[in-house]
Structure formats: C-alpha cells, structure tokens
$ cat input.pdb   # PDB, C-alpha atoms
ATOM      1  CA  THR A   1     -14.985 -19.871  17.511
ATOM      2  CA  SER A   2     -15.677 -17.761  14.489
ATOM      3  CA  ASN A   3     -19.030 -16.559  13.222
ATOM      4  CA  THR A   4     -19.072 -19.041  10.378
ATOM      5  CA  GLU A   5     -18.368 -21.957  12.733
ATOM      6  CA  ILE A   6     -21.291 -20.934  14.937
ATOM      7  CA  ILE A   7     -23.598 -20.714  11.925
ATOM      8  CA  VAL A   8     -22.454 -24.106  10.636
ATOM      9  CA  ASN A   9     -22.950 -25.714  14.051
ATOM     10  CA  SER A  10     -26.440 -24.200  14.343
ATOM     11  CA  VAL A  11     -27.449 -25.546  10.960
ATOM     12  CA  ILE A  12     -26.116 -28.990  11.862
ATOM     13  CA  VAL A  13     -28.130 -29.044  15.116
ATOM     14  CA  LEU A  14     -31.314 -28.027  13.283
ATOM     15  CA  PHE A  15     -30.723 -30.706  10.658
ATOM     16  CA  VAL A  16     -30.188 -33.413  13.297
ATOM     17  CA  MET A  17     -33.394 -32.358  15.072
ATOM     18  CA  ASP A  18     -35.371 -32.580  11.799
ATOM     19  CA  LEU A  19     -33.773 -35.932  11.015
ATOM     20  CA  ASP A  20     -34.794 -37.240  14.463
ATOM     21  CA  GLU A  21     -38.391 -36.200  13.872
ATOM     22  CA  TRP A  22     -38.452 -37.878  10.430
ATOM     23  CA  ILE A  23     -37.049 -41.126  11.820
ATOM     24  CA  PHE A  24     -39.575 -41.065  14.646
ATOM     25  CA  ALA A  25     -42.444 -40.490  12.164
ATOM     26  CA  ALA A  26     -41.182 -43.388  10.019
ATOM     27  CA  LEU A  27     -40.962 -45.742  13.009
ATOM     28  CA  LYS A  28     -44.425 -44.675  14.143
ATOM     29  CA  ALA A  29     -45.791 -45.453  10.674
ATOM     30  CA  CYS A  30     -44.146 -48.901  10.680
ATOM     31  CA  ASN A  31     -45.217 -50.013  14.100
ATOM     32  CA  GLU A  32     -46.941 -47.892  16.695
ATOM     33  CA  LYS A  33     -46.027 -50.271  19.526
ATOM     34  CA  TRP A  34     -42.371 -49.383  19.061
ATOM     35  CA  THR A  35     -43.125 -45.741  19.537
ATOM     36  CA  GLU A  36     -45.880 -45.783  22.216
ATOM     37  CA  HIS A  37     -43.473 -45.103  25.020
ATOM     38  CA  ALA A  38     -41.821 -42.335  23.090
ATOM     39  CA  ALA A  39     -45.202 -40.850  22.167
ATOM     40  CA  GLU A  40     -46.240 -40.781  25.834
ATOM     41  CA  SER A  41     -43.017 -39.061  26.811
ATOM     42  CA  GLU A  42     -43.504 -36.693  23.886
ATOM     43  CA  ASP A  43     -46.880 -35.598  25.247
ATOM     44  CA  SER A  44     -45.380 -34.933  28.646
ATOM     45  CA  SER A  45     -42.593 -32.964  27.081
ATOM     46  CA  SER A  46     -44.795 -30.531  25.145
ATOM     47  CA  ASP A  47     -43.460 -27.848  27.460
ATOM     48  CA  THR A  48     -40.009 -28.804  26.276
ATOM     49  CA  LYS A  49     -41.084 -28.190  22.659
ATOM     50  CA  VAL A  50     -42.182 -24.684  23.579
ATOM     51  CA  GLU A  51     -38.764 -24.130  25.111
ATOM     52  CA  LYS A  52     -37.123 -25.553  21.978
ATOM     53  CA  GLY A  53     -39.164 -23.179  19.819
ATOM     54  CA  GLY A  54     -37.889 -20.277  21.923
ATOM     55  CA  ALA A  55     -34.331 -21.582  21.554
ATOM     56  CA  ILE A  56     -34.785 -21.846  17.791
ATOM     57  CA  ASP A  57     -36.040 -18.256  17.629
ATOM     58  CA  GLU A  58     -33.087 -17.174  19.718
ATOM     59  CA  MET A  59     -30.701 -19.009  17.355
ATOM     60  CA  LYS A  60     -32.359 -17.367  14.350
ATOM     61  CA  ASP A  61     -31.841 -13.966  15.964
ATOM     62  CA  LYS A  62     -28.185 -14.775  16.583
ATOM     63  CA  ILE A  63     -27.795 -15.907  12.974
ATOM     64  CA  ALA A  64     -29.348 -12.649  11.733
ATOM     65  CA  LEU A  65     -26.986 -10.660  13.964
ATOM     66  CA  GLN A  66     -23.994 -12.618  12.697
ATOM     67  CA  ASP A  67     -25.094 -12.083   9.091
ATOM     68  CA  ALA A  68     -25.161  -8.331   9.752
ATOM     69  CA  GLN A  69     -21.689  -8.515  11.308
ATOM     70  CA  ILE A  70     -20.394 -10.446   8.304
ATOM     71  CA  ALA A  71     -21.819  -7.804   5.949
ATOM     72  CA  ASP A  72     -20.108  -5.043   7.967
ATOM     73  CA  GLN A  73     -16.812  -6.926   7.901
ATOM     74  CA  GLN A  74     -17.079  -7.396   4.151
ATOM     75  CA  LYS A  75     -17.599  -3.640   3.689
ATOM     76  CA  GLU A  76     -14.573  -2.953   5.880
ATOM     77  CA  LEU A  77     -12.526  -5.466   3.913
ATOM     78  CA  ARG A  78     -13.435  -3.754   0.628
ATOM     79  CA  LEU A  79     -12.406  -0.399   2.116
ATOM     80  CA  LEU A  80      -9.086  -1.826   3.311
ATOM     81  CA  ARG A  81      -8.406  -3.330  -0.120
ATOM     82  CA  SER A  82      -9.023   0.001  -1.840
ATOM     83  CA  GLN A  83      -6.701   1.716   0.651
ATOM     84  CA  GLN A  84      -4.083  -0.946  -0.033
ATOM     85  CA  GLU A  85      -4.348  -0.303  -3.773
ATOM     86  CA  GLU A  86      -3.887   3.445  -3.169
ATOM     87  CA  LEU A  87      -0.813   2.767  -1.034
ATOM     88  CA  VAL A  88       0.678   0.524  -3.722
ATOM     89  CA  LEU A  89       0.193   3.293  -6.289
ATOM     90  CA  GLN A  90       1.811   5.820  -3.954
ATOM     91  CA  MET A  91       4.752   3.472  -3.366
ATOM     92  CA  ASP A  92       5.214   3.065  -7.130
ATOM     93  CA  GLU A  93       5.227   6.853  -7.550
ATOM     94  CA  MET A  94       7.761   7.211  -4.739
ATOM     95  CA  LYS A  95       9.970   4.581  -6.400
ATOM     96  CA  ARG A  96       9.833   6.504  -9.684
ATOM     97  CA  GLN A  97      10.720   9.711  -7.865
ATOM     98  CA  SER A  98      13.590   7.970  -6.098
ATOM     99  CA  ASP A  99      14.878   6.727  -9.449
ATOM    100  CA  ASP A 100      14.619  10.270 -10.851
ATOM    101  CA  ILE A 101      16.563  11.622  -7.863
ATOM    102  CA  THR A 102      19.283   9.026  -8.423
ATOM    103  CA  ILE A 103      19.535  10.034 -12.082
ATOM    104  CA  LEU A 104      19.706  13.716 -11.112
ATOM    105  CA  ARG A 105      22.437  13.034  -8.539
ATOM    106  CA  GLU A 106      24.486  11.234 -11.166
ATOM    107  CA  ALA A 107      24.001  14.139 -13.600
ATOM    108  CA  VAL A 108      25.068  16.673 -10.934
ATOM    109  CA  LYS A 109      28.125  14.560 -10.131
ATOM    110  CA  GLN A 110      29.075  14.446 -13.818
ATOM    111  CA  LEU A 111      28.591  18.219 -14.108
ATOM    112  CA  GLN A 112      30.775  18.782 -11.051
ATOM    113  CA  GLU A 113      33.465  16.532 -12.484
ATOM    114  CA  SER A 114      33.202  18.354 -15.811
ATOM    115  CA  GLN A 115      33.474  21.741 -14.063
ATOM    116  CA  ALA A 116      36.478  20.553 -12.079
ATOM    117  CA  ALA A 117      38.159  19.401 -15.275
ATOM    118  CA  THR A 118      37.299  22.706 -16.982
ATOM    119  CA  SER A 119      38.599  24.761 -14.063
ATOM    120  CA  ALA A 120      41.800  22.691 -14.016
ATOM    121  CA  SER A 121      42.341  23.377 -17.714
ATOM    122  CA  SER A 122      41.420  27.075 -17.297
ATOM    123  CA  GLU A 123      44.125  27.444 -14.627
ATOM    124  CA  SER A 124      46.741  26.934 -17.329
ATOM    125  CA  PHE A 125      44.946  29.503 -19.522
ATOM    126  CA  PRO A 126      43.453  32.131 -17.184
ATOM    127  CA  ILE A 127      40.186  33.672 -18.295
ATOM    128  CA  PRO A 128      39.487  37.377 -17.611
ATOM    129  CA  GLN A 129      36.788  37.897 -14.984
ATOM    130  CA  CYS A 130      34.220  40.691 -14.581
ATOM    131  CA  ASP A 131      33.886  42.355 -11.181
ATOM    132  CA  ALA A 132      30.716  43.869  -9.690
ATOM    133  CA  ASN A 133      31.321  47.261 -11.433
ATOM    134  CA  GLY A 134      31.488  45.628 -14.841
ATOM    135  CA  SER A 135      35.207  46.276 -15.320
ATOM    136  CA  VAL A 136      37.319  43.462 -16.648
ATOM    137  CA  THR A 137      40.027  42.103 -14.409
ATOM    138  CA  ALA A 138      42.860  40.406 -16.230
ATOM    139  CA  PRO A 139      44.480  37.225 -14.940
ATOM    140  CA  THR A 140      47.760  37.594 -13.089
ATOM    141  CA  ALA A 141      49.789  35.006 -14.972
ATOM    142  CA  GLU A 142      51.109  35.743 -18.477
ATOM    143  CA  SER A 143      49.410  33.865 -21.244
ATOM    144  CA  VAL A 144      49.101  33.935 -24.981
ATOM    145  CA  ASP A 145      45.839  35.039 -26.613
ATOM    146  CA  THR A 146      45.804  32.859 -29.701
ATOM    147  CA  SER A 147      42.885  34.678 -31.306
ATOM    148  CA  SER A 148      44.784  37.985 -31.756
ATOM    149  CA  ASP A 149      48.386  36.782 -31.408
ATOM    150  CA  LYS A 150      49.031  39.386 -28.715
ATOM    151  CA  VAL A 151      50.990  38.655 -25.565
ATOM    152  CA  VAL A 152      49.027  39.436 -22.464
ATOM    153  CA  GLY A 153      50.861  40.094 -19.199
ATOM    154  CA  ASN A 154      49.555  41.560 -16.009
ATOM    155  CA  GLY A 155      46.314  42.526 -17.700
ATOM    156  CA  GLY A 156      47.689  44.577 -20.603
ATOM    157  CA  THR A 157      48.138  44.021 -24.326
ATOM    158  CA  MET A 158      51.401  44.474 -26.183
ATOM    159  CA  SER A 159      50.363  47.819 -27.564
ATOM    160  CA  GLU A 160      49.574  49.010 -24.036
ATOM    161  CA  VAL A 161      52.954  47.802 -22.858
ATOM    162  CA  GLY A 162      54.582  49.711 -25.728
ATOM    163  CA  ASP A 163      52.695  52.837 -24.704
ATOM    164  CA  GLU A 164      53.937  52.436 -21.148
ATOM    165  CA  ASN A 165      57.552  52.144 -22.416
ATOM    166  CA  ALA A 166      57.062  55.265 -24.504
ATOM    167  CA  LEU A 167      55.905  57.145 -21.436
ATOM    168  CA  ARG A 168      59.056  56.213 -19.537
TER     169      ARG A 168
END

$ encode --input "input.pdb" --output "structure tokens"
Amino acid sequence: TSNTEIIVNSVIVLFVMDLDEWIFAALKACNEKWTEHAAESEDSSSDTKVEKGGAIDEMKDKIALQDAQIADQQKELRLLRSQQEELVLQMDEMKRQSDDITILREAVKQLQESQAATSASSESFPIPQCDANGSVTAPTAESVDTSSDKVVGNGGTMSEVGDENALR
C-alpha cells in the first residue's frame, strides 16, 4: 500500500468512529432505555478508550511521518525534473552538433570531388611545382602556355631551346 492509501484509510477509520459516537449520542437522546446496555458496557470499556486514544496518537505520529516522507519525495521529484530538463537541452545541443557535422562532411566530400576534378583536368595541362628549395620544377609532358604563346617542353621555353641548339 502507498502512503496516500494509508492516510486515506486512517481518515476513514477516524470518521467512522466519530460517526458511531454521534449516532450513539442521538439514540441516547431519543430513548435512554435503548442505550442503557451500551452505556454500561461503555463504562466497563473506559480502559479501551484509553487504548484507543493511544492508538489515535500513534496514527497521528505515523501520518506526520508520512507527510514528511511525501515532502521529501516531492523535493526529489522537482530535482529529477530539473535534471531531465537539463538532459533535454543537452540532447538538443548534441542534435544540432550532429547536424553541423553532417553538413561539414558533405562540404568536405564536395571539396574532395572538386579537387579530384581539378587534378584530373590539371593532368592534361601540367602545372609547374615548387620544391623545398624554392626552385621551380617543370612538368614532364609538353604543353602549350597560352598566356605567352611559348611552347614548353621538358621544363624549358622556346628561347631556351634555341639557346641550347646554338650551343651545339
């Protein structure tokens, strides 16, 4: 049984006991002969009333204890709700971060595809590269430099080729 059920049952018992006393007082007021026997047994059971008073005090103590437990549980429930709200906020932030990561992955994939396409097109038109010393290394395949209209082959310009022929 739960705390609230115990409290409800206690209240019901106390109400029934009060109701019994009221009915007895009403019957006694109507006709004392009806209640003489009960009154005699009531006098003999005065010890029982003392015991009932002790039981009532004990029930009141239990009710007070249960009220304190209920208050503690309500505090704990409020704490748990605030922790739940914090977790929901953290989950929302993680979802946003996950979405950002997905967007970044797609952007990296597009950049890689773009680089692959650029490198495929640069293979047909080799681009001179710089080595660690800062000297320019020419591509190995012959290509046409459209900006100066010079034929480039094996890293030299046409004028350099002409100079080589003159040296021979």

$ atom_distance --input "input.pdb" --atom1 "atom CA of A:Gln110" --atom2 "atom CA of A:Asp92"
27.3 Å

$ atom_distance --input "input.pdb" --atom1 "atom CA of A:Ala68" --atom2 "atom CA of A:Leu19"
28.9 Å

$ atom_distance --input "input.pdb" --atom1 "atom CA of A:Ile12" --atom2 "atom CA of A:Asp67"
17.2 Å

$ resolve_selection --input "input.pdb" --expression "the PyMOL selection byres ((chain A and resi 57-63) around 12)" --output "VMD selection string"
chain A and resid 3 to 11 13 to 14 50 to 56 64 to 70

$ axis_aligned_box --input "input.pdb" --around "stretch 55-66 of chain A" --padding-each-side "6 Å" --output "JSON"
{"center_x": -30.0, "center_y": -16.3, "center_z": 16.6, "size_x": 24.0, "size_y": 23.2, "size_z": 21.8}
